[in-house]
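A quick write-up on the structure given underneath.
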Amino acid sequence: MIEIAVQDLAGVRIALEEGADRIELCIALDLGGLTPSIGLVEAAVAAAAEARVTDFVHVLVRPRGGGFVYDEDELAVIERDIRAVFAAGADGVVVGAAHADGTLDETAIARFVEASDGMTVTVHRVIDAAPDAVAALRPLGDLGVTRVLSSGGAADCRAGASVLERMRDASAGAVQVMAGGGVRVDDIAVFVAAGVDAVHLSARGRTERGGASGPGGGAAGFDVTDRALVRAAVEAARSAHS
């Protein structure tokens, strides 16, 4: 399966039109991704419904950039956002939390699963900050987690490919393993051959559309979803299975 990280409604539509299996809906991918607005979630859900595509809109719930050690106020906000995403009609959420030593905060993740009220739950690349990604994966199935997004603890998936295979073997099908982090289209066949359940990429381009930002608007231009890259990723996955 191919999952595309998208940041706007145009990206949602491109992913639908080019045959992606799923999206991770977020904003601020330059910060690793943050929670999108409810308006964007609702628009994405409506677009998927119009296209008659199911299990498509999975929403990143991450309240800030930086590390994944959250205080109680932040945990409560994450739970509120998960419930809001559920009410907006999303199919799943992408979440994670850690302790100061990098191990996964299983208590927090269990709270997120409970708040999801039956939605699919993906644990994001917080698992790549764990001392041992394989060990971190093992208890997640019992917590109700459906899948993990991982680069195998490496800077990119290519370097972490052997760990991803070990994660797949350790999960024994209880938790899906999705490869993500620095994925190039040429890598997709390699990860399909390695037996991962899905491949995740942002397929980003850049546009100067929108005009000058002025002194208070930050850098000019913004990231967009590259239709050609999405099409190539989907075709690469199909070819690898043919």
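A note on labels: chains of the structure tokens are A, B, ... as shown, every chain counts residues from 1, and ligands are counted from 1 in their shown order.
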
#### Entry: Exercise: Gly152 of chain A partners within 8 Å, only C-alpha atoms, chain neighbours under 6 positions left out, as number ranges by chain
A: 128, 133, 159-164, 167, 179

### Query
Do you know which residues are at most 10 Å from Arg209 of chain A counting only C-alpha atoms, after dropping those on the same chain fewer than 5 positions away, and could you put them as a VMD selection string?
chain A and resid 220 to 224

May I have the residues from that selection written out with C-alpha atoms, as an mmCIF file, in the first residue's frame?
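Below is the file again-v9.cif, written as the result:
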```cif
data_model
loop_
_atom_site.group_PDB
_atom_site.id
_atom_site.type_symbol
_atom_site.label_atom_id
_atom_site.label_comp_id
_atom_site.auth_asym_id
_atom_site.auth_seq_id
_atom_site.Cartn_x
_atom_site.Cartn_y
_atom_site.Cartn_z
ATOM 1 C CA ALA A 220 7.824 32.964 0.366
ATOM 2 C CA GLY A 221 6.258 29.896 -1.227
ATOM 3 C CA PHE A 222 5.158 26.631 0.354
ATOM 4 C CA ASP A 223 5.283 22.866 -0.092
ATOM 5 C CA VAL A 224 2.740 21.128 -2.302
#
```

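Relative to atom CA of Asp21 of chain A, atom CA of Ala44 of chain A is found at 14.0 Å.
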
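The helix (DSSP H, G or I) portion of segment 44-94 of chain A consists of A:Ala44, A:Val45, A:Ala46, A:Ala47, A:Ala48, A:Ala49, A:Glu50, A:Glu72, A:Asp73, A:Glu74, A:Leu75, A:Ala76, A:Val77, A:Ile78, A:Glu79, A:Arg80, A:Asp81, A:Ile82, A:Arg83, A:Ala84, A:Val85, A:Phe86, A:Ala87, with states taken from DSSP on the backbone.
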
Report as JSON lines: every residue of segment 10-90 of chain A with an atom at most 10 Å from segment 195-200 of chain A, its closest pair of atoms, and their distance in Å to one decimal, counting only C-alpha atoms, with rows sorted by chain and ascending residue number.
```
{"residue": "A:Asp21", "atom": "CA", "partner": "A:Ala198", "partner_atom": "CA", "distance": 9.3}
{"residue": "A:Arg22", "atom": "CA", "partner": "A:His200", "partner_atom": "CA", "distance": 9.2}
{"residue": "A:Ile23", "atom": "CA", "partner": "A:His200", "partner_atom": "CA", "distance": 8.8}
{"residue": "A:Glu24", "atom": "CA", "partner": "A:His200", "partner_atom": "CA", "distance": 8.7}
```

File of the preceding selection, all heavy atoms, as an mmCIF file, in the first residue's frame:
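Okay, this is what ended up in part-v7.cif:
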```
data_model
loop_
_atom_site.group_PDB
_atom_site.id
_atom_site.type_symbol
_atom_site.label_atom_id
_atom_site.label_comp_id
_atom_site.auth_asym_id
_atom_site.auth_seq_id
_atom_site.Cartn_x
_atom_site.Cartn_y
_atom_site.Cartn_z
ATOM 1 N N ASP A 21 -3.381 4.651 -1.670
ATOM 2 C CA ASP A 21 -4.263 3.852 -0.827
ATOM 3 C C ASP A 21 -4.734 4.601 0.412
ATOM 4 O O ASP A 21 -5.800 4.297 0.949
ATOM 5 C CB ASP A 21 -3.536 2.580 -0.376
ATOM 6 C CG ASP A 21 -3.136 1.720 -1.553
ATOM 7 O OD1 ASP A 21 -4.027 1.133 -2.176
ATOM 8 O OD2 ASP A 21 -1.931 1.656 -1.854
ATOM 9 N N ARG A 22 -3.939 5.576 0.844
ATOM 10 C CA ARG A 22 -4.223 6.217 2.134
ATOM 11 C C ARG A 22 -3.432 7.511 2.182
ATOM 12 O O ARG A 22 -2.404 7.666 1.522
ATOM 13 C CB ARG A 22 -3.780 5.273 3.259
ATOM 14 C CG ARG A 22 -4.123 5.689 4.672
ATOM 15 C CD ARG A 22 -3.860 4.540 5.645
ATOM 16 N NE ARG A 22 -2.475 4.070 5.638
ATOM 17 C CZ ARG A 22 -2.110 2.805 5.441
ATOM 18 N NH1 ARG A 22 -3.012 1.859 5.240
ATOM 19 N NH2 ARG A 22 -0.835 2.464 5.453
ATOM 20 N N ILE A 23 -3.898 8.461 2.992
ATOM 21 C CA ILE A 23 -3.121 9.672 3.260
ATOM 22 C C ILE A 23 -2.872 9.810 4.754
ATOM 23 O O ILE A 23 -3.643 9.308 5.577
ATOM 24 C CB ILE A 23 -3.816 10.956 2.749
ATOM 25 C CG1 ILE A 23 -5.185 11.159 3.419
ATOM 26 C CG2 ILE A 23 -3.910 10.960 1.232
ATOM 27 C CD1 ILE A 23 -5.796 12.526 3.163
ATOM 28 N N GLU A 24 -1.762 10.450 5.071
ATOM 29 C CA GLU A 24 -1.564 11.006 6.406
ATOM 30 C C GLU A 24 -1.770 12.503 6.262
ATOM 31 O O GLU A 24 -0.979 13.182 5.597
ATOM 32 C CB GLU A 24 -0.164 10.724 6.941
ATOM 33 C CG GLU A 24 0.046 11.325 8.332
ATOM 34 C CD GLU A 24 1.498 11.281 8.785
ATOM 35 O OE1 GLU A 24 2.260 12.215 8.423
ATOM 36 O OE2 GLU A 24 1.864 10.338 9.483
#
```

Could you make a table, as CSV, of the residues of segment 140-217 of chain A that have an atom within 9 Å of an atom of segment 104-115 of chain A, each with its nearest atom pair and distance in Å to one decimal, counting only C-alpha atoms, in chain and number order?
```
residue,atom,partner,partner_atom,distance
A:Leu140,CA,A:Glu106,CA,8.0
A:Leu143,CA,A:Ala110,CA,5.7
A:Gly144,CA,A:Val113,CA,6.4
A:Val145,CA,A:Val113,CA,7.1
```

Residues from the last selection, N, CA and C atoms, saved as a compact mmCIF listing (two decimals), in the first residue's frame:
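Contents of again-v2.txt, as written:
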```txt
# COMPACT_ATOMS: atom_id res chain seq x y z
N LEU A 140 2.82 -3.19 21.16
CA LEU A 140 1.85 -2.26 20.60
C LEU A 140 0.57 -2.94 20.15
N LEU A 143 -1.86 -3.11 22.85
CA LEU A 143 -2.42 -1.80 23.20
C LEU A 143 -3.52 -1.37 22.24
N GLY A 144 -3.67 -2.09 21.13
CA GLY A 144 -4.69 -1.73 20.15
C GLY A 144 -4.17 -0.94 18.97
N VAL A 145 -2.85 -0.88 18.82
CA VAL A 145 -2.24 -0.15 17.70
C VAL A 145 -2.29 -1.03 16.45
```

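Taking only C-alpha atoms into account, Ser116 of chain A lies nearest to A:Ala87 out of the set A:Leu137, A:Ala237, A:Cys26, A:Ala87.
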
### Query
Quick one: of A:Gly118, A:Gly182, A:Gly153, A:Gly67, who's nearest to Gly92 of chain A, counting only C-alpha atoms?
A:Gly118

### Query
Of the candidates A:Gly19, A:Ala236, A:His124, A:Leu25, which one gets nearest to Ser202 of chain A if we count only C-alpha atoms?
A:Leu25

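Our summary of the geometry notes that atom CA of Pro131 of chain A is positioned 11.5 Å from atom CA of Ala154 of chain A.
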
### Task
Please provide as JSON, numbers by chain all residues within 8 Å of segment 47-52 of chain A, with the sequence filter that same-chain residues fewer than 3 positions apart are discarded (counting only C-alpha atoms).
{"A": [12, 13, 16, 43, 44, 56, 57]}

### Query
Nearest to Gly39 of chain A among A:Ala90, A:Ala20, A:Ala76, A:Ala155, with distances taken over only C-alpha atoms: which residue is it?
A:Ala90

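Interatomic distance, atom CA of Val121 of chain A against atom CA of Ile82 of chain A: 10.2 Å.
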
#### Entry: DSSP strand (DSSP E or B) residues within segment 55-218 of chain A, as a ChimeraX atom specification
/A:57-60,92-95,98,104,120-123,147-150,176-180,198-201,204-207

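Distances to Phe191 of chain A were evaluated for A:Ala240, A:Val85, A:Ala28, A:Leu75 using only C-alpha atoms, and the minimum falls at A:Ala240.
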
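If you count only C-alpha atoms and ignore residues fewer than 5 places along the chain from Asp187 of chain A, what sits within 9 Å of it is Cys157, Arg158, Val192 and Ala236 of chain A.
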
### Task
Can you pull out every residue within 8 Å of Arg125 of chain A, counting only C-alpha atoms, but drop anything in the same chain fewer than 6 positions away, and send it as a ChimeraX atom specification?
/A:96,148-151

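Closest to Arg147 of chain A among A:Arg83, A:His99, A:His58, A:Arg238 is A:His58, based on only C-alpha atoms.
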